[in-house]
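Content type compact mmCIF, N, CA and C atoms, from the file protein.txt:
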# COMPACT_ATOMS: atom_id res chain seq x y z
N MET H 795 0.82 -1.21 0.00
CA MET H 795 0.00 0.00 0.00
C MET H 795 0.86 1.26 0.00
N ALA H 796 1.95 1.26 0.77
CA ALA H 796 2.80 2.46 0.90
C ALA H 796 3.31 2.93 -0.46
N GLN H 797 3.51 1.96 -1.39
CA GLN H 797 4.10 2.33 -2.67
C GLN H 797 3.15 3.15 -3.55
N SER H 798 1.84 3.05 -3.32
CA SER H 798 0.90 3.78 -4.19
C SER H 798 0.70 5.23 -3.73
N VAL H 799 1.14 5.55 -2.53
CA VAL H 799 1.01 6.92 -2.02
C VAL H 799 2.34 7.63 -2.27
N PRO H 800 2.32 8.80 -2.94
CA PRO H 800 3.60 9.47 -3.16
C PRO H 800 4.25 9.88 -1.84
N PRO H 801 5.58 9.87 -1.78
CA PRO H 801 6.25 10.27 -0.54
C PRO H 801 5.92 11.72 -0.20
N GLY H 802 5.83 12.02 1.09
CA GLY H 802 5.56 13.39 1.52
C GLY H 802 6.77 14.28 1.32
N ASP H 803 6.67 15.50 1.82
CA ASP H 803 7.76 16.45 1.67
C ASP H 803 8.86 16.23 2.70
N ILE H 804 10.05 16.69 2.34
CA ILE H 804 11.11 16.80 3.33
C ILE H 804 11.48 18.28 3.40
N THR H 805 12.06 18.66 4.51
CA THR H 805 12.58 20.01 4.66
C THR H 805 14.07 19.87 4.90
N THR H 806 14.85 20.76 4.29
CA THR H 806 16.29 20.74 4.57
C THR H 806 16.69 22.10 5.12
N GLN H 807 17.65 22.07 6.00
CA GLN H 807 18.27 23.30 6.49
C GLN H 807 19.76 23.16 6.22
N PRO H 808 20.36 23.96 5.36
CA PRO H 808 19.80 25.05 4.58
C PRO H 808 18.81 24.54 3.52
N GLY H 809 17.96 25.44 3.06
CA GLY H 809 16.87 25.04 2.18
C GLY H 809 17.16 25.01 0.70
N THR H 810 18.10 25.84 0.21
CA THR H 810 18.25 25.94 -1.24
C THR H 810 19.64 25.66 -1.78
N LYS H 811 20.69 25.89 -0.99
CA LYS H 811 22.04 25.65 -1.50
C LYS H 811 23.02 25.49 -0.35
N ILE H 812 24.20 24.98 -0.68
CA ILE H 812 25.29 24.82 0.29
C ILE H 812 26.42 25.72 -0.19
N VAL H 813 27.01 26.46 0.73
CA VAL H 813 28.11 27.36 0.36
C VAL H 813 29.37 26.96 1.11
N PHE H 814 30.44 26.76 0.37
CA PHE H 814 31.75 26.54 0.96
C PHE H 814 32.59 27.78 0.69
N ASN H 815 33.35 28.22 1.68
CA ASN H 815 34.18 29.41 1.54
C ASN H 815 35.66 29.05 1.47
N ALA H 816 36.40 29.85 0.68
CA ALA H 816 37.85 29.67 0.57
C ALA H 816 38.46 29.94 1.94
N PRO H 817 39.66 29.50 2.23
CA PRO H 817 40.57 28.77 1.33
C PRO H 817 40.18 27.30 1.22
N TYR H 818 40.63 26.69 0.12
CA TYR H 818 40.30 25.29 -0.14
C TYR H 818 41.50 24.36 0.04
N ASP H 819 42.50 24.80 0.85
CA ASP H 819 43.67 23.94 1.06
C ASP H 819 43.40 22.93 2.16
N ASP H 820 42.24 23.00 2.78
CA ASP H 820 41.91 22.08 3.85
C ASP H 820 40.49 21.57 3.64
N LYS H 821 40.17 20.46 4.29
CA LYS H 821 38.82 19.89 4.19
C LYS H 821 37.82 20.75 4.95
N HIS H 822 36.68 21.05 4.33
CA HIS H 822 35.59 21.79 4.98
C HIS H 822 34.44 20.81 5.23
N THR H 823 33.73 20.99 6.33
CA THR H 823 32.55 20.17 6.59
C THR H 823 31.37 21.09 6.91
N TYR H 824 30.26 20.81 6.29
CA TYR H 824 29.04 21.60 6.43
C TYR H 824 27.95 20.66 6.90
N HIS H 825 27.12 21.08 7.83
CA HIS H 825 26.05 20.20 8.31
C HIS H 825 24.72 20.57 7.70
N ILE H 826 23.96 19.56 7.34
CA ILE H 826 22.64 19.75 6.76
C ILE H 826 21.66 18.95 7.59
N LYS H 827 20.51 19.57 7.86
CA LYS H 827 19.47 18.87 8.60
C LYS H 827 18.40 18.46 7.60
N ILE H 828 18.02 17.18 7.64
CA ILE H 828 16.94 16.68 6.80
C ILE H 828 15.79 16.31 7.74
N ILE H 829 14.61 16.87 7.46
CA ILE H 829 13.44 16.64 8.30
C ILE H 829 12.35 15.98 7.45
N ASN H 830 11.81 14.88 7.94
CA ASN H 830 10.69 14.23 7.26
C ASN H 830 9.42 14.97 7.66
N ALA H 831 8.93 15.83 6.75
CA ALA H 831 7.74 16.63 7.05
C ALA H 831 6.45 15.87 6.73
N GLY H 832 6.56 14.69 6.15
CA GLY H 832 5.38 13.91 5.76
C GLY H 832 4.86 13.05 6.89
N GLY H 833 3.83 12.27 6.59
CA GLY H 833 3.18 11.45 7.60
C GLY H 833 3.56 9.98 7.56
N ARG H 834 4.54 9.62 6.72
CA ARG H 834 4.97 8.22 6.61
C ARG H 834 6.47 8.10 6.80
N ARG H 835 6.91 6.91 7.20
CA ARG H 835 8.34 6.65 7.30
C ARG H 835 8.95 6.65 5.89
N ILE H 836 10.12 7.26 5.77
CA ILE H 836 10.79 7.31 4.47
C ILE H 836 12.21 6.77 4.58
N GLY H 837 12.69 6.26 3.46
CA GLY H 837 14.10 5.94 3.31
C GLY H 837 14.71 7.04 2.46
N TRP H 838 15.89 7.51 2.82
CA TRP H 838 16.52 8.59 2.04
C TRP H 838 17.97 8.21 1.72
N ALA H 839 18.45 8.77 0.62
CA ALA H 839 19.82 8.51 0.19
C ALA H 839 20.35 9.78 -0.48
N ILE H 840 21.65 10.00 -0.35
CA ILE H 840 22.30 11.19 -0.91
C ILE H 840 23.20 10.78 -2.06
N LYS H 841 23.14 11.56 -3.14
CA LYS H 841 24.07 11.38 -4.25
C LYS H 841 24.84 12.70 -4.43
N THR H 842 26.08 12.60 -4.87
CA THR H 842 26.84 13.82 -5.17
C THR H 842 27.30 13.75 -6.62
N THR H 843 27.54 14.93 -7.22
CA THR H 843 28.00 14.95 -8.60
C THR H 843 29.50 14.76 -8.67
N ASN H 844 30.22 14.96 -7.56
CA ASN H 844 31.67 14.82 -7.58
C ASN H 844 32.12 13.99 -6.38
N MET H 845 32.21 12.69 -6.57
CA MET H 845 32.53 11.78 -5.46
C MET H 845 33.94 12.03 -4.91
N LYS H 846 34.84 12.53 -5.75
CA LYS H 846 36.22 12.75 -5.34
C LYS H 846 36.32 13.93 -4.36
N ARG H 847 35.57 14.99 -4.64
CA ARG H 847 35.66 16.20 -3.84
C ARG H 847 34.65 16.23 -2.69
N LEU H 848 33.47 15.68 -2.90
CA LEU H 848 32.38 15.80 -1.93
C LEU H 848 32.06 14.48 -1.26
N GLY H 849 31.98 14.50 0.06
CA GLY H 849 31.61 13.31 0.81
C GLY H 849 30.40 13.59 1.68
N VAL H 850 29.59 12.56 1.96
CA VAL H 850 28.42 12.73 2.83
C VAL H 850 28.42 11.64 3.90
N ASP H 851 28.04 12.02 5.11
CA ASP H 851 28.00 11.07 6.21
C ASP H 851 26.86 11.43 7.17
N PRO H 852 25.87 10.58 7.38
CA PRO H 852 25.68 9.29 6.72
C PRO H 852 25.13 9.48 5.30
N PRO H 853 25.38 8.53 4.38
CA PRO H 853 24.91 8.69 3.00
C PRO H 853 23.46 8.27 2.80
N CYS H 854 22.86 7.61 3.80
CA CYS H 854 21.47 7.16 3.66
C CYS H 854 20.90 6.87 5.04
N GLY H 855 19.59 6.71 5.09
CA GLY H 855 18.97 6.42 6.38
C GLY H 855 17.47 6.28 6.27
N VAL H 856 16.83 6.18 7.42
CA VAL H 856 15.37 6.04 7.51
C VAL H 856 14.88 7.08 8.51
N LEU H 857 13.81 7.78 8.15
CA LEU H 857 13.24 8.79 9.05
C LEU H 857 11.76 8.52 9.28
N ASP H 858 11.36 8.49 10.54
CA ASP H 858 9.94 8.42 10.87
C ASP H 858 9.32 9.80 10.63
N PRO H 859 7.97 9.89 10.58
CA PRO H 859 7.33 11.19 10.40
C PRO H 859 7.82 12.20 11.45
N LYS H 860 8.12 13.39 11.01
CA LYS H 860 8.58 14.53 11.84
C LYS H 860 9.98 14.33 12.41
N GLU H 861 10.62 13.20 12.13
CA GLU H 861 11.97 12.96 12.63
C GLU H 861 12.98 13.71 11.76
N ALA H 862 14.12 14.06 12.36
CA ALA H 862 15.16 14.79 11.63
C ALA H 862 16.50 14.09 11.82
N VAL H 863 17.40 14.34 10.89
CA VAL H 863 18.77 13.81 11.00
C VAL H 863 19.73 14.93 10.59
N LEU H 864 20.87 14.95 11.25
CA LEU H 864 21.91 15.92 10.90
C LEU H 864 22.97 15.14 10.14
N MET H 865 23.28 15.58 8.93
CA MET H 865 24.32 14.89 8.16
C MET H 865 25.41 15.87 7.78
N ALA H 866 26.59 15.33 7.57
CA ALA H 866 27.74 16.15 7.24
C ALA H 866 28.07 16.02 5.75
N VAL H 867 28.28 17.18 5.12
CA VAL H 867 28.77 17.20 3.74
C VAL H 867 30.17 17.76 3.82
N SER H 868 31.14 17.01 3.32
CA SER H 868 32.51 17.51 3.39
C SER H 868 33.05 17.77 2.00
N CYS H 869 33.90 18.79 1.93
CA CYS H 869 34.54 19.18 0.68
C CYS H 869 36.04 19.03 0.89
N ASP H 870 36.65 18.10 0.17
CA ASP H 870 38.09 17.89 0.31
C ASP H 870 38.85 19.05 -0.33
N SER H 871 40.11 19.20 0.07
CA SER H 871 40.92 20.28 -0.49
C SER H 871 41.06 20.10 -2.00
N PHE H 872 41.10 21.21 -2.73
CA PHE H 872 41.26 21.17 -4.19
C PHE H 872 41.80 22.51 -4.66
N GLN H 873 42.23 22.54 -5.90
CA GLN H 873 42.79 23.77 -6.49
C GLN H 873 41.64 24.60 -7.05
N PHE H 874 41.21 25.61 -6.29
CA PHE H 874 40.10 26.44 -6.76
C PHE H 874 40.49 27.15 -8.05
N GLY H 875 39.57 27.18 -9.02
CA GLY H 875 39.85 27.83 -10.29
C GLY H 875 40.51 26.91 -11.31
N GLN H 876 41.01 25.77 -10.84
CA GLN H 876 41.64 24.84 -11.77
C GLN H 876 40.80 23.58 -11.98
N GLU H 877 39.70 23.49 -11.25
CA GLU H 877 38.78 22.37 -11.42
C GLU H 877 37.39 22.91 -11.69
N ASP H 878 36.63 22.19 -12.49
CA ASP H 878 35.27 22.62 -12.82
C ASP H 878 34.34 22.35 -11.63
N THR H 879 33.79 23.41 -11.07
CA THR H 879 32.88 23.25 -9.93
C THR H 879 31.46 23.69 -10.29
N ASN H 880 31.23 24.04 -11.56
CA ASN H 880 29.95 24.63 -11.96
C ASN H 880 28.73 23.79 -11.65
N ASN H 881 28.84 22.49 -11.85
CA ASN H 881 27.64 21.66 -11.68
C ASN H 881 27.63 20.86 -10.40
N ASP H 882 28.48 21.23 -9.44
CA ASP H 882 28.52 20.47 -8.19
C ASP H 882 27.21 20.64 -7.42
N ARG H 883 26.68 19.52 -6.96
CA ARG H 883 25.47 19.56 -6.14
C ARG H 883 25.32 18.23 -5.42
N ILE H 884 24.48 18.25 -4.38
CA ILE H 884 24.09 16.98 -3.79
C ILE H 884 22.60 16.81 -4.05
N THR H 885 22.18 15.58 -4.23
CA THR H 885 20.78 15.27 -4.48
C THR H 885 20.31 14.34 -3.37
N ILE H 886 19.22 14.73 -2.74
CA ILE H 886 18.59 13.88 -1.72
C ILE H 886 17.44 13.16 -2.41
N GLU H 887 17.43 11.85 -2.36
CA GLU H 887 16.33 11.06 -2.90
C GLU H 887 15.62 10.40 -1.72
N TRP H 888 14.31 10.34 -1.80
CA TRP H 888 13.57 9.66 -0.72
C TRP H 888 12.33 8.97 -1.27
N THR H 889 11.93 7.93 -0.56
CA THR H 889 10.77 7.14 -0.96
C THR H 889 10.12 6.58 0.31
N ASN H 890 8.84 6.25 0.22
CA ASN H 890 8.16 5.62 1.35
C ASN H 890 8.75 4.24 1.60
N THR H 891 8.86 3.86 2.86
CA THR H 891 9.31 2.50 3.15
C THR H 891 8.08 1.59 3.06
N PRO H 892 8.28 0.33 2.70
CA PRO H 892 7.13 -0.59 2.63
C PRO H 892 6.49 -0.76 4.01
N ASP H 893 5.18 -0.97 4.03
CA ASP H 893 4.48 -1.20 5.30
C ASP H 893 5.10 -2.38 6.03
N GLY H 894 5.35 -2.20 7.31
CA GLY H 894 5.87 -3.29 8.13
C GLY H 894 7.37 -3.50 8.01
N ALA H 895 8.06 -2.70 7.19
CA ALA H 895 9.51 -2.88 7.03
C ALA H 895 10.24 -2.42 8.29
N ALA H 896 11.36 -3.06 8.59
CA ALA H 896 12.17 -2.66 9.74
C ALA H 896 12.77 -1.28 9.46
N LYS H 897 13.13 -0.59 10.55
CA LYS H 897 13.70 0.75 10.38
C LYS H 897 15.20 0.63 10.07
N GLN H 898 15.47 -0.01 8.94
CA GLN H 898 16.84 -0.18 8.48
C GLN H 898 16.84 0.07 6.98
N PHE H 899 17.73 0.95 6.54
CA PHE H 899 17.76 1.36 5.14
C PHE H 899 18.02 0.18 4.20
N ARG H 900 17.26 0.14 3.10
CA ARG H 900 17.48 -0.88 2.08
C ARG H 900 17.47 -0.23 0.71
N ARG H 901 18.55 -0.46 -0.05
CA ARG H 901 18.70 0.14 -1.38
C ARG H 901 17.55 -0.26 -2.31
N GLU H 902 17.02 -1.49 -2.14
CA GLU H 902 16.00 -1.95 -3.09
C GLU H 902 14.69 -1.15 -3.03
N TRP H 903 14.46 -0.40 -1.96
CA TRP H 903 13.26 0.44 -1.91
C TRP H 903 13.25 1.41 -3.10
N PHE H 904 14.43 1.79 -3.57
CA PHE H 904 14.52 2.76 -4.66
C PHE H 904 14.47 2.10 -6.03
N GLN H 905 14.51 0.76 -6.06
CA GLN H 905 14.57 0.08 -7.34
C GLN H 905 13.25 -0.55 -7.78
N GLY H 906 12.25 -0.49 -6.92
CA GLY H 906 10.94 -1.04 -7.30
C GLY H 906 10.16 -0.03 -8.12
N ASP H 907 8.84 -0.16 -8.11
CA ASP H 907 8.03 0.78 -8.91
C ASP H 907 7.43 1.89 -8.04
N GLY H 908 7.85 1.97 -6.78
CA GLY H 908 7.37 3.06 -5.92
C GLY H 908 7.96 4.39 -6.38
N MET H 909 7.27 5.47 -6.05
CA MET H 909 7.72 6.79 -6.46
C MET H 909 8.92 7.24 -5.62
N VAL H 910 9.92 7.79 -6.30
CA VAL H 910 11.10 8.34 -5.62
C VAL H 910 11.11 9.85 -5.88
N ARG H 911 11.23 10.62 -4.83
CA ARG H 911 11.30 12.08 -4.98
C ARG H 911 12.74 12.54 -4.81
N ARG H 912 13.05 13.72 -5.39
CA ARG H 912 14.41 14.25 -5.34
C ARG H 912 14.40 15.72 -4.98
N LYS H 913 15.44 16.12 -4.27
CA LYS H 913 15.68 17.53 -4.00
C LYS H 913 17.16 17.80 -4.26
N ASN H 914 17.42 18.79 -5.12
CA ASN H 914 18.80 19.16 -5.44
C ASN H 914 19.23 20.34 -4.58
N LEU H 915 20.44 20.26 -4.03
CA LEU H 915 21.05 21.39 -3.33
C LEU H 915 22.35 21.71 -4.07
N PRO H 916 22.33 22.80 -4.88
CA PRO H 916 23.56 23.18 -5.58
C PRO H 916 24.62 23.61 -4.58
N ILE H 917 25.87 23.44 -4.97
CA ILE H 917 26.99 23.83 -4.11
C ILE H 917 27.68 25.03 -4.71
N GLU H 918 27.86 26.05 -3.88
CA GLU H 918 28.50 27.30 -4.31
C GLU H 918 29.86 27.37 -3.63
N TYR H 919 30.86 27.78 -4.38
CA TYR H 919 32.21 27.93 -3.81
C TYR H 919 32.58 29.40 -3.85
N ASN H 920 32.77 30.01 -2.69
CA ASN H 920 33.19 31.41 -2.63
C ASN H 920 34.70 31.47 -2.72
N PRO H 921 35.24 32.26 -3.68
CA PRO H 921 36.70 32.34 -3.81
C PRO H 921 37.34 33.05 -2.63

Here is a file; write its structure as structure tokens.
Amino acid sequence: MAQSVPPGDITTQPGTKIVFNAPYDDKHTYHIKIINAGGRRIGWAIKTTNMKRLGVDPPCGVLDPKEAVLMAVSCDSFQFGQEDTNNDRITIEWTNTPDGAAKQFRREWFQGDGMVRRKNLPIEYNP
């Protein structure tokens, strides 16, 4: 039954983008809060456009309704201006968990025919 109902909304703090500030000779870590604003348990997973430069911890999880998680996005040191950063972003994907499923993340929830929602957070680099 859970698969026929579209997943509810999530809220992120920050809401629209992530900003990293120079200098980039050291690793930066930024925290993002993900809140399940819907009425059902969801499974969520993070993707990044640049696996070499951007890391996320934890990369996935399960949230009950109104529950929140704090996750870290890290940016490894790099040569600013010498690497293409234009399309860097993280994407949060989430889907309803099946009824009766344990509160443990499973990748296959995203591979069935249930609806998966996405939210993109572009990454801005201040020189």

Compare H:Gln873, H:Ser868, H:Pro859, H:Trp838 by their minimum atom-to-atom distance to Arg900 (chain H), counting only C-alpha atoms, and give me the closest one.
H:Trp838

If we count only C-alpha atoms and set the cut-off at 8 Å, which residues sit around Lys913 (chain H), ignoring sequence neighbours fewer than 6 positions away in its own chain? Please answer as a compact mmCIF listing (two decimals) with N, CA and C atoms, in the frame of the given file.
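Result written to part-v6.txt:
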# COMPACT_ATOMS: atom_id res chain seq x y z
N THR H 885 22.18 15.58 -4.23
CA THR H 885 20.78 15.27 -4.48
C THR H 885 20.31 14.34 -3.37
N ILE H 886 19.22 14.73 -2.74
CA ILE H 886 18.59 13.88 -1.72
C ILE H 886 17.44 13.16 -2.41
N GLU H 887 17.43 11.85 -2.36
CA GLU H 887 16.33 11.06 -2.90
C GLU H 887 15.62 10.40 -1.72

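Distances from H:Cys854, H:Cys869, H:Ala831, H:Val910 to Thr889 (chain H) were compared using only N, CA and C atoms, and the smallest one belongs to H:Val910.
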
Contacts of Ile917 (chain H) at 5 Å or less, counting all atoms listed in the file, minus same-chain residues fewer than 5 places along, as an mmCIF file with N, CA and C atoms, keeping the file's coordinate frame?
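Output below, filename part.cif:
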data_model
loop_
_atom_site.group_PDB
_atom_site.id
_atom_site.type_symbol
_atom_site.label_atom_id
_atom_site.label_comp_id
_atom_site.auth_asym_id
_atom_site.auth_seq_id
_atom_site.Cartn_x
_atom_site.Cartn_y
_atom_site.Cartn_z
ATOM 1 N N ILE H 812 24.200 24.980 -0.680
ATOM 2 C CA ILE H 812 25.290 24.820 0.290
ATOM 3 C C ILE H 812 26.420 25.720 -0.190
ATOM 4 N N ASP H 882 28.480 21.230 -9.440
ATOM 5 C CA ASP H 882 28.520 20.470 -8.190
ATOM 6 C C ASP H 882 27.210 20.640 -7.420
ATOM 7 N N ARG H 883 26.680 19.520 -6.960
ATOM 8 C CA ARG H 883 25.470 19.560 -6.140
ATOM 9 C C ARG H 883 25.320 18.230 -5.420
#

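Distance check against Asp851 (chain H) using only C-alpha atoms: of H:Thr823, H:Asn815, H:Gln876, H:Thr806, the minimum falls on H:Thr823.
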
Name the closest residue to Leu848 (chain H) among the candidates H:Ala866, H:Ala896, H:Ala816, H:Met909; distances are taken between atoms, counting only C-alpha atoms.
H:Ala866

Nearest candidate to Arg847 (chain H) (options H:Tyr824, H:Thr879, H:Arg911, H:Gly833; using only C-alpha atoms):
H:Thr879

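Between Trp903 (chain H) and the residues H:Ile828, H:Ile804, H:Met865, H:Asn890, the shortest atom-to-atom distance, using only N, CA and C atoms, involves H:Asn890.
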
Could you give me, as an mmCIF file with N, CA and C atoms, keeping the file's coordinate frame, the residues within 7 Å of Gly855 (chain H), counting only C-alpha atoms and dropping anything in the same chain fewer than 6 positions from it?
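Contents of the output file selection-v3.cif:
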data_model
loop_
_atom_site.group_PDB
_atom_site.id
_atom_site.type_symbol
_atom_site.label_atom_id
_atom_site.label_comp_id
_atom_site.auth_asym_id
_atom_site.auth_seq_id
_atom_site.Cartn_x
_atom_site.Cartn_y
_atom_site.Cartn_z
ATOM 1 N N GLY H 837 12.690 6.260 3.460
ATOM 2 C CA GLY H 837 14.100 5.940 3.310
ATOM 3 C C GLY H 837 14.710 7.040 2.460
ATOM 4 N N TRP H 838 15.890 7.510 2.820
ATOM 5 C CA TRP H 838 16.520 8.590 2.040
ATOM 6 C C TRP H 838 17.970 8.210 1.720
ATOM 7 N N ALA H 839 18.450 8.770 0.620
ATOM 8 C CA ALA H 839 19.820 8.510 0.190
ATOM 9 C C ALA H 839 20.350 9.780 -0.480
ATOM 10 N N PHE H 899 17.730 0.950 6.540
ATOM 11 C CA PHE H 899 17.760 1.360 5.140
ATOM 12 C C PHE H 899 18.020 0.180 4.200
#

Region 796-914 of chain H: residues DSSP assigns to strand (DSSP E or B), reported as a PyMOL selection string:
chain H and resi 804-807+812-815+822-830+836-842+848-851+854-857+862-869+883-890+911-914

Give me, please, the distance in Å between atom C of Gln807 (chain H) and atom N of Val850 (chain H), quoted to one decimal.
15.1 Å

Name all residues at most 8 Å from Phe874 (chain H) (count only N, CA and C atoms; drop same-chain ones fewer than 3 positions away) and give them as JSON, numbers by chain.
{"H": [817, 818, 819, 871, 877, 878, 921]}

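Secondary structure from DSSP on the backbone puts helix (DSSP H, G or I) at the following positions of chain H: Ala796, Gln797, Ser798, Arg901, Glu902, Trp903 and Phe904 of chain H.
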
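The space between CA of Glu918 (chain H) and CA of Lys811 (chain H) spans 7.2 Å.
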
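The space between atom N of Glu861 (chain H) and CA of Asn830 (chain H) spans 5.0 Å.
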
Kindly add all heavy atoms to the incomplete region 904-913 of chain H and provide the output as an mmCIF file, in the frame of the given file.
data_model
loop_
_atom_site.group_PDB
_atom_site.id
_atom_site.type_symbol
_atom_site.label_atom_id
_atom_site.label_comp_id
_atom_site.auth_asym_id
_atom_site.auth_seq_id
_atom_site.Cartn_x
_atom_site.Cartn_y
_atom_site.Cartn_z
ATOM 1 N N PHE H 904 14.430 1.790 -3.570
ATOM 2 C CA PHE H 904 14.520 2.760 -4.660
ATOM 3 C C PHE H 904 14.470 2.100 -6.030
ATOM 4 O O PHE H 904 14.414 2.776 -7.038
ATOM 5 C CB PHE H 904 15.838 3.556 -4.532
ATOM 6 C CG PHE H 904 15.848 4.464 -3.340
ATOM 7 C CD1 PHE H 904 16.232 3.984 -2.094
ATOM 8 C CD2 PHE H 904 15.446 5.782 -3.446
ATOM 9 C CE1 PHE H 904 16.224 4.814 -0.982
ATOM 10 C CE2 PHE H 904 15.436 6.613 -2.343
ATOM 11 C CZ PHE H 904 15.822 6.133 -1.112
ATOM 12 N N GLN H 905 14.510 0.760 -6.060
ATOM 13 C CA GLN H 905 14.570 0.080 -7.340
ATOM 14 C C GLN H 905 13.250 -0.550 -7.780
ATOM 15 O O GLN H 905 13.147 -1.049 -8.881
ATOM 16 C CB GLN H 905 15.682 -0.991 -7.286
ATOM 17 C CG GLN H 905 17.045 -0.340 -7.190
ATOM 18 C CD GLN H 905 18.097 -1.221 -6.548
ATOM 19 O OE1 GLN H 905 17.806 -2.286 -6.010
ATOM 20 N NE2 GLN H 905 19.339 -0.765 -6.580
ATOM 21 N N GLY H 906 12.250 -0.490 -6.920
ATOM 22 C CA GLY H 906 10.940 -1.040 -7.300
ATOM 23 C C GLY H 906 10.160 -0.030 -8.120
ATOM 24 O O GLY H 906 10.718 0.869 -8.737
ATOM 25 N N ASP H 907 8.840 -0.160 -8.110
ATOM 26 C CA ASP H 907 8.030 0.780 -8.910
ATOM 27 C C ASP H 907 7.430 1.890 -8.040
ATOM 28 O O ASP H 907 6.595 2.647 -8.498
ATOM 29 C CB ASP H 907 6.946 0.033 -9.696
ATOM 30 C CG ASP H 907 6.129 -0.900 -8.809
ATOM 31 O OD1 ASP H 907 6.280 -0.817 -7.569
ATOM 32 O OD2 ASP H 907 5.345 -1.691 -9.350
ATOM 33 N N GLY H 908 7.850 1.970 -6.780
ATOM 34 C CA GLY H 908 7.370 3.060 -5.920
ATOM 35 C C GLY H 908 7.960 4.390 -6.380
ATOM 36 O O GLY H 908 9.006 4.443 -7.014
ATOM 37 N N MET H 909 7.270 5.470 -6.050
ATOM 38 C CA MET H 909 7.720 6.790 -6.460
ATOM 39 C C MET H 909 8.920 7.240 -5.620
ATOM 40 O O MET H 909 8.923 7.093 -4.403
ATOM 41 C CB MET H 909 6.561 7.785 -6.297
ATOM 42 C CG MET H 909 6.820 9.122 -6.887
ATOM 43 S SD MET H 909 5.277 10.075 -6.790
ATOM 44 C CE MET H 909 5.941 11.697 -6.844
ATOM 45 N N VAL H 910 9.920 7.790 -6.300
ATOM 46 C CA VAL H 910 11.100 8.340 -5.620
ATOM 47 C C VAL H 910 11.110 9.850 -5.880
ATOM 48 O O VAL H 910 10.984 10.286 -7.024
ATOM 49 C CB VAL H 910 12.408 7.705 -6.156
ATOM 50 C CG1 VAL H 910 13.623 8.381 -5.544
ATOM 51 C CG2 VAL H 910 12.424 6.214 -5.860
ATOM 52 N N ARG H 911 11.230 10.620 -4.830
ATOM 53 C CA ARG H 911 11.300 12.080 -4.980
ATOM 54 C C ARG H 911 12.740 12.540 -4.810
ATOM 55 O O ARG H 911 13.550 11.852 -4.199
ATOM 56 C CB ARG H 911 10.385 12.778 -3.974
ATOM 57 C CG ARG H 911 8.915 12.524 -4.292
ATOM 58 C CD ARG H 911 7.986 13.337 -3.439
ATOM 59 N NE ARG H 911 8.215 14.764 -3.550
ATOM 60 C CZ ARG H 911 7.644 15.662 -2.739
ATOM 61 N NH1 ARG H 911 6.827 15.272 -1.779
ATOM 62 N NH2 ARG H 911 7.886 16.948 -2.876
ATOM 63 N N ARG H 912 13.050 13.720 -5.390
ATOM 64 C CA ARG H 912 14.410 14.250 -5.340
ATOM 65 C C ARG H 912 14.400 15.720 -4.980
ATOM 66 O O ARG H 912 13.503 16.450 -5.366
ATOM 67 C CB ARG H 912 15.061 14.145 -6.727
ATOM 68 C CG ARG H 912 15.493 12.778 -7.075
ATOM 69 C CD ARG H 912 16.051 12.689 -8.498
ATOM 70 N NE ARG H 912 16.280 11.279 -8.815
ATOM 71 C CZ ARG H 912 15.318 10.476 -9.238
ATOM 72 N NH1 ARG H 912 14.094 10.933 -9.434
ATOM 73 N NH2 ARG H 912 15.583 9.211 -9.471
ATOM 74 N N LYS H 913 15.440 16.120 -4.270
ATOM 75 C CA LYS H 913 15.680 17.530 -4.000
ATOM 76 C C LYS H 913 17.160 17.800 -4.260
ATOM 77 O O LYS H 913 18.012 17.103 -3.739
ATOM 78 C CB LYS H 913 15.331 17.890 -2.545
ATOM 79 C CG LYS H 913 15.610 19.354 -2.237
ATOM 80 C CD LYS H 913 15.124 19.752 -0.849
ATOM 81 C CE LYS H 913 15.323 21.245 -0.644
ATOM 82 N NZ LYS H 913 14.662 21.710 0.576
#
